[in-house]
$ cat protein.pdb   # PDB, C-alpha atoms
ATOM      1  CA  MET A 230       7.970   3.805 -30.131  1.00  0.00           C
ATOM      2  CA  ALA A 231       8.122   6.002 -27.026  1.00  0.00           C
ATOM      3  CA  SER A 232      11.491   6.945 -25.643  1.00  0.00           C
ATOM      4  CA  ALA A 233      12.625   5.411 -22.367  1.00  0.00           C
ATOM      5  CA  SER A 234      12.690   8.836 -20.691  1.00  0.00           C
ATOM      6  CA  ALA A 235       9.011   9.459 -21.471  1.00  0.00           C
ATOM      7  CA  GLN A 236       7.740   6.767 -19.110  1.00  0.00           C
ATOM      8  CA  PRO A 237       9.141   5.523 -15.796  1.00  0.00           C
ATOM      9  CA  ALA A 238      10.590   2.045 -15.759  1.00  0.00           C
ATOM     10  CA  ALA A 239       8.072  -0.597 -14.732  1.00  0.00           C
ATOM     11  CA  LEU A 240       8.788  -2.908 -11.843  1.00  0.00           C
ATOM     12  CA  SER A 241       8.124  -6.526 -12.713  1.00  0.00           C
ATOM     13  CA  ALA A 242       6.396  -8.884 -10.301  1.00  0.00           C
ATOM     14  CA  GLU A 243       9.664 -10.722  -9.711  1.00  0.00           C
ATOM     15  CA  GLN A 244      11.496  -7.461  -9.002  1.00  0.00           C
ATOM     16  CA  ALA A 245       8.728  -6.421  -6.600  1.00  0.00           C
ATOM     17  CA  LYS A 246       9.105  -9.743  -4.761  1.00  0.00           C
ATOM     18  CA  VAL A 247      12.848  -9.190  -4.420  1.00  0.00           C
ATOM     19  CA  VAL A 248      12.395  -5.637  -3.149  1.00  0.00           C
ATOM     20  CA  LEU A 249       9.728  -6.689  -0.654  1.00  0.00           C
ATOM     21  CA  ALA A 250      11.899  -9.529   0.622  1.00  0.00           C
ATOM     22  CA  GLU A 251      14.870  -7.179   1.058  1.00  0.00           C
ATOM     23  CA  VAL A 252      12.777  -4.588   2.909  1.00  0.00           C
ATOM     24  CA  ILE A 253      11.331  -7.242   5.221  1.00  0.00           C
ATOM     25  CA  GLN A 254      14.816  -8.621   5.822  1.00  0.00           C
ATOM     26  CA  ALA A 255      16.125  -5.140   6.670  1.00  0.00           C
ATOM     27  CA  PHE A 256      13.261  -4.508   9.080  1.00  0.00           C
ATOM     28  CA  SER A 257      13.880  -7.895  10.714  1.00  0.00           C
ATOM     29  CA  ALA A 258      17.644  -7.494  11.100  1.00  0.00           C
ATOM     30  CA  PRO A 259      18.815  -7.509  14.744  1.00  0.00           C
ATOM     31  CA  GLU A 260      20.847  -4.331  14.226  1.00  0.00           C
ATOM     32  CA  ASN A 261      17.601  -2.522  13.309  1.00  0.00           C
ATOM     33  CA  ALA A 262      15.595  -3.899  16.248  1.00  0.00           C
ATOM     34  CA  VAL A 263      16.125  -0.797  18.412  1.00  0.00           C
ATOM     35  CA  ARG A 264      15.030   1.492  15.590  1.00  0.00           C
ATOM     36  CA  MET A 265      11.956  -0.667  14.947  1.00  0.00           C
ATOM     37  CA  ASP A 266      11.025  -0.563  18.641  1.00  0.00           C
ATOM     38  CA  GLU A 267      11.426   3.227  18.653  1.00  0.00           C
ATOM     39  CA  ALA A 268       9.271   3.521  15.547  1.00  0.00           C
ATOM     40  CA  ARG A 269       6.568   1.330  17.109  1.00  0.00           C
ATOM     41  CA  ASP A 270       6.646   3.419  20.298  1.00  0.00           C
ATOM     42  CA  ASN A 271       6.409   6.648  18.304  1.00  0.00           C
ATOM     43  CA  ALA A 272       3.598   5.252  16.159  1.00  0.00           C
ATOM     44  CA  CYS A 273       1.352   4.122  18.994  1.00  0.00           C
ATOM     45  CA  ASN A 274      -1.386   6.459  17.796  1.00  0.00           C
ATOM     46  CA  ASP A 275      -0.962   5.157  14.262  1.00  0.00           C
ATOM     47  CA  MET A 276      -1.660   1.636  15.510  1.00  0.00           C
ATOM     48  CA  GLY A 277      -5.066   2.875  16.790  1.00  0.00           C
ATOM     49  CA  VAL A 278      -5.717   4.289  13.346  1.00  0.00           C
ATOM     50  CA  LEU A 279      -4.884   0.942  11.776  1.00  0.00           C
ATOM     51  CA  LYS A 280      -7.213  -0.902  14.140  1.00  0.00           C
ATOM     52  CA  PHE A 281      -9.959   1.574  13.331  1.00  0.00           C
ATOM     53  CA  ALA A 282      -9.307   1.198   9.600  1.00  0.00           C
ATOM     54  CA  ARG A 283      -9.612  -2.596   9.891  1.00  0.00           C
ATOM     55  CA  LEU A 284     -12.862  -2.246  11.782  1.00  0.00           C
ATOM     56  CA  VAL A 285     -14.265   0.152   9.188  1.00  0.00           C
ATOM     57  CA  LYS A 286     -13.168  -2.199   6.416  1.00  0.00           C
ATOM     58  CA  SER A 287     -15.114  -5.030   8.022  1.00  0.00           C
ATOM     59  CA  TYR A 288     -18.279  -2.891   7.928  1.00  0.00           C
ATOM     60  CA  GLU A 289     -17.898  -1.583   4.374  1.00  0.00           C
ATOM     61  CA  ALA A 290     -19.543  -4.637   2.804  1.00  0.00           C
ATOM     62  CA  GLN A 291     -22.460  -4.468   5.243  1.00  0.00           C
ATOM     63  CA  ASP A 292     -23.230  -0.761   5.047  1.00  0.00           C
ATOM     64  CA  PRO A 293     -23.075   1.318   1.849  1.00  0.00           C
ATOM     65  CA  GLU A 294     -22.836   4.580   3.807  1.00  0.00           C
ATOM     66  CA  ILE A 295     -19.779   3.347   5.698  1.00  0.00           C
ATOM     67  CA  ALA A 296     -18.262   2.284   2.386  1.00  0.00           C
ATOM     68  CA  SER A 297     -18.929   5.751   0.941  1.00  0.00           C
ATOM     69  CA  LEU A 298     -17.519   7.562   3.968  1.00  0.00           C
ATOM     70  CA  SER A 299     -14.482   5.312   3.991  1.00  0.00           C
ATOM     71  CA  GLY A 300     -13.869   6.081   0.326  1.00  0.00           C
ATOM     72  CA  LYS A 301     -14.073   9.802   0.999  1.00  0.00           C
ATOM     73  CA  LEU A 302     -11.644   9.535   3.889  1.00  0.00           C
ATOM     74  CA  LYS A 303      -9.195   7.558   1.775  1.00  0.00           C
ATOM     75  CA  ALA A 304      -9.485  10.177  -0.971  1.00  0.00           C
ATOM     76  CA  LEU A 305      -8.314  12.824   1.504  1.00  0.00           C
ATOM     77  CA  PHE A 306      -5.097  10.945   2.199  1.00  0.00           C
ATOM     78  CA  LEU A 307      -4.399   9.052  -0.997  1.00  0.00           C
ATOM     79  CA  PRO A 308      -3.970  10.814  -4.332  1.00  0.00           C
ATOM     80  CA  PRO A 309      -6.125   9.539  -7.179  1.00  0.00           C
ATOM     81  CA  MET A 310      -4.379   6.914  -9.243  1.00  0.00           C
ATOM     82  CA  THR A 311      -4.960   6.252 -12.885  1.00  0.00           C
ATOM     83  CA  LEU A 312      -4.027   3.007 -14.500  1.00  0.00           C
ATOM     84  CA  PRO A 313      -2.091   3.123 -17.743  1.00  0.00           C
ATOM     85  CA  PRO A 314      -4.148   2.065 -20.758  1.00  0.00           C
ATOM     86  CA  HIS A 315      -3.765  -1.561 -21.732  1.00  0.00           C
ATOM     87  CA  GLY A 316      -5.341  -4.085 -24.013  1.00  0.00           C
ATOM     88  CA  PRO A 317      -5.843  -4.247 -27.783  1.00  0.00           C
ATOM     89  CA  ALA A 318      -7.551  -0.843 -28.049  1.00  0.00           C
ATOM     90  CA  SER A 319      -4.531   0.945 -26.594  1.00  0.00           C
ATOM     91  CA  GLY A 320      -1.997  -0.907 -28.672  1.00  0.00           C
ATOM     92  CA  GLY A 321      -0.843  -3.028 -25.755  1.00  0.00           C
ATOM     93  CA  SER A 322      -0.620  -6.749 -25.959  1.00  0.00           C
ATOM     94  CA  VAL A 323      -0.466  -9.623 -23.565  1.00  0.00           C
ATOM     95  CA  ALA A 324       2.324 -12.080 -24.169  1.00  0.00           C
ATOM     96  CA  ALA A 325       1.266 -15.708 -24.258  1.00  0.00           C
ATOM     97  CA  SER A 326       3.153 -17.971 -21.914  1.00  0.00           C
TER      98      SER A 326
END
$ encode --input "protein.pdb" --output "structure tokens"
Amino acid sequence: MASASAQPAALSAEQAKVVLAEVIQAFSAPENAVRMDEARDNACNDMGVLKFARLVKSYEAQDPEIASLSGKLKALFLPPMTLPPHGPASGGSVAAS
């Protein structure tokens, strides 16, 4: 059995829900409204990027070249992620509910 320090602790789906709810609540709190407005004002260019990203996403299914270019652009900004091995071959198991 691997030691607890060898692998980071996993976040369960329920824990993720709690964290997301707390973050949303913090962002929605009246005392943070000024900070949120400042962040939105400072991120005005980022909002254009998001609109562009949505537009590109809508074209990915229609055009393989757009999908390829979009993937390359994402690779520049997002590090590659590998999923941990799972399933019977890796010794993992799925608990029946």
$ atom_distance --input "protein.pdb" --atom1 "CA of Gly300 in chain A" --atom2 "CA of Leu284 in chain A"
14.2 Å
$ closest_residue --input "protein.pdb" --among "A:Val263, A:Ala282, A:Val247, A:Met310" --to "Ile295 in chain A" --atoms "all atoms listed in the file"
A:Ala282
$ atom_distance --input "protein.pdb" --atom1 "CA of Glu260 in chain A" --atom2 "CA of Gln244 in chain A"
25.2 Å
$ atom_distance --input "protein.pdb" --atom1 "CA of Pro309 in chain A" --atom2 "CA of Pro293 in chain A"
20.9 Å
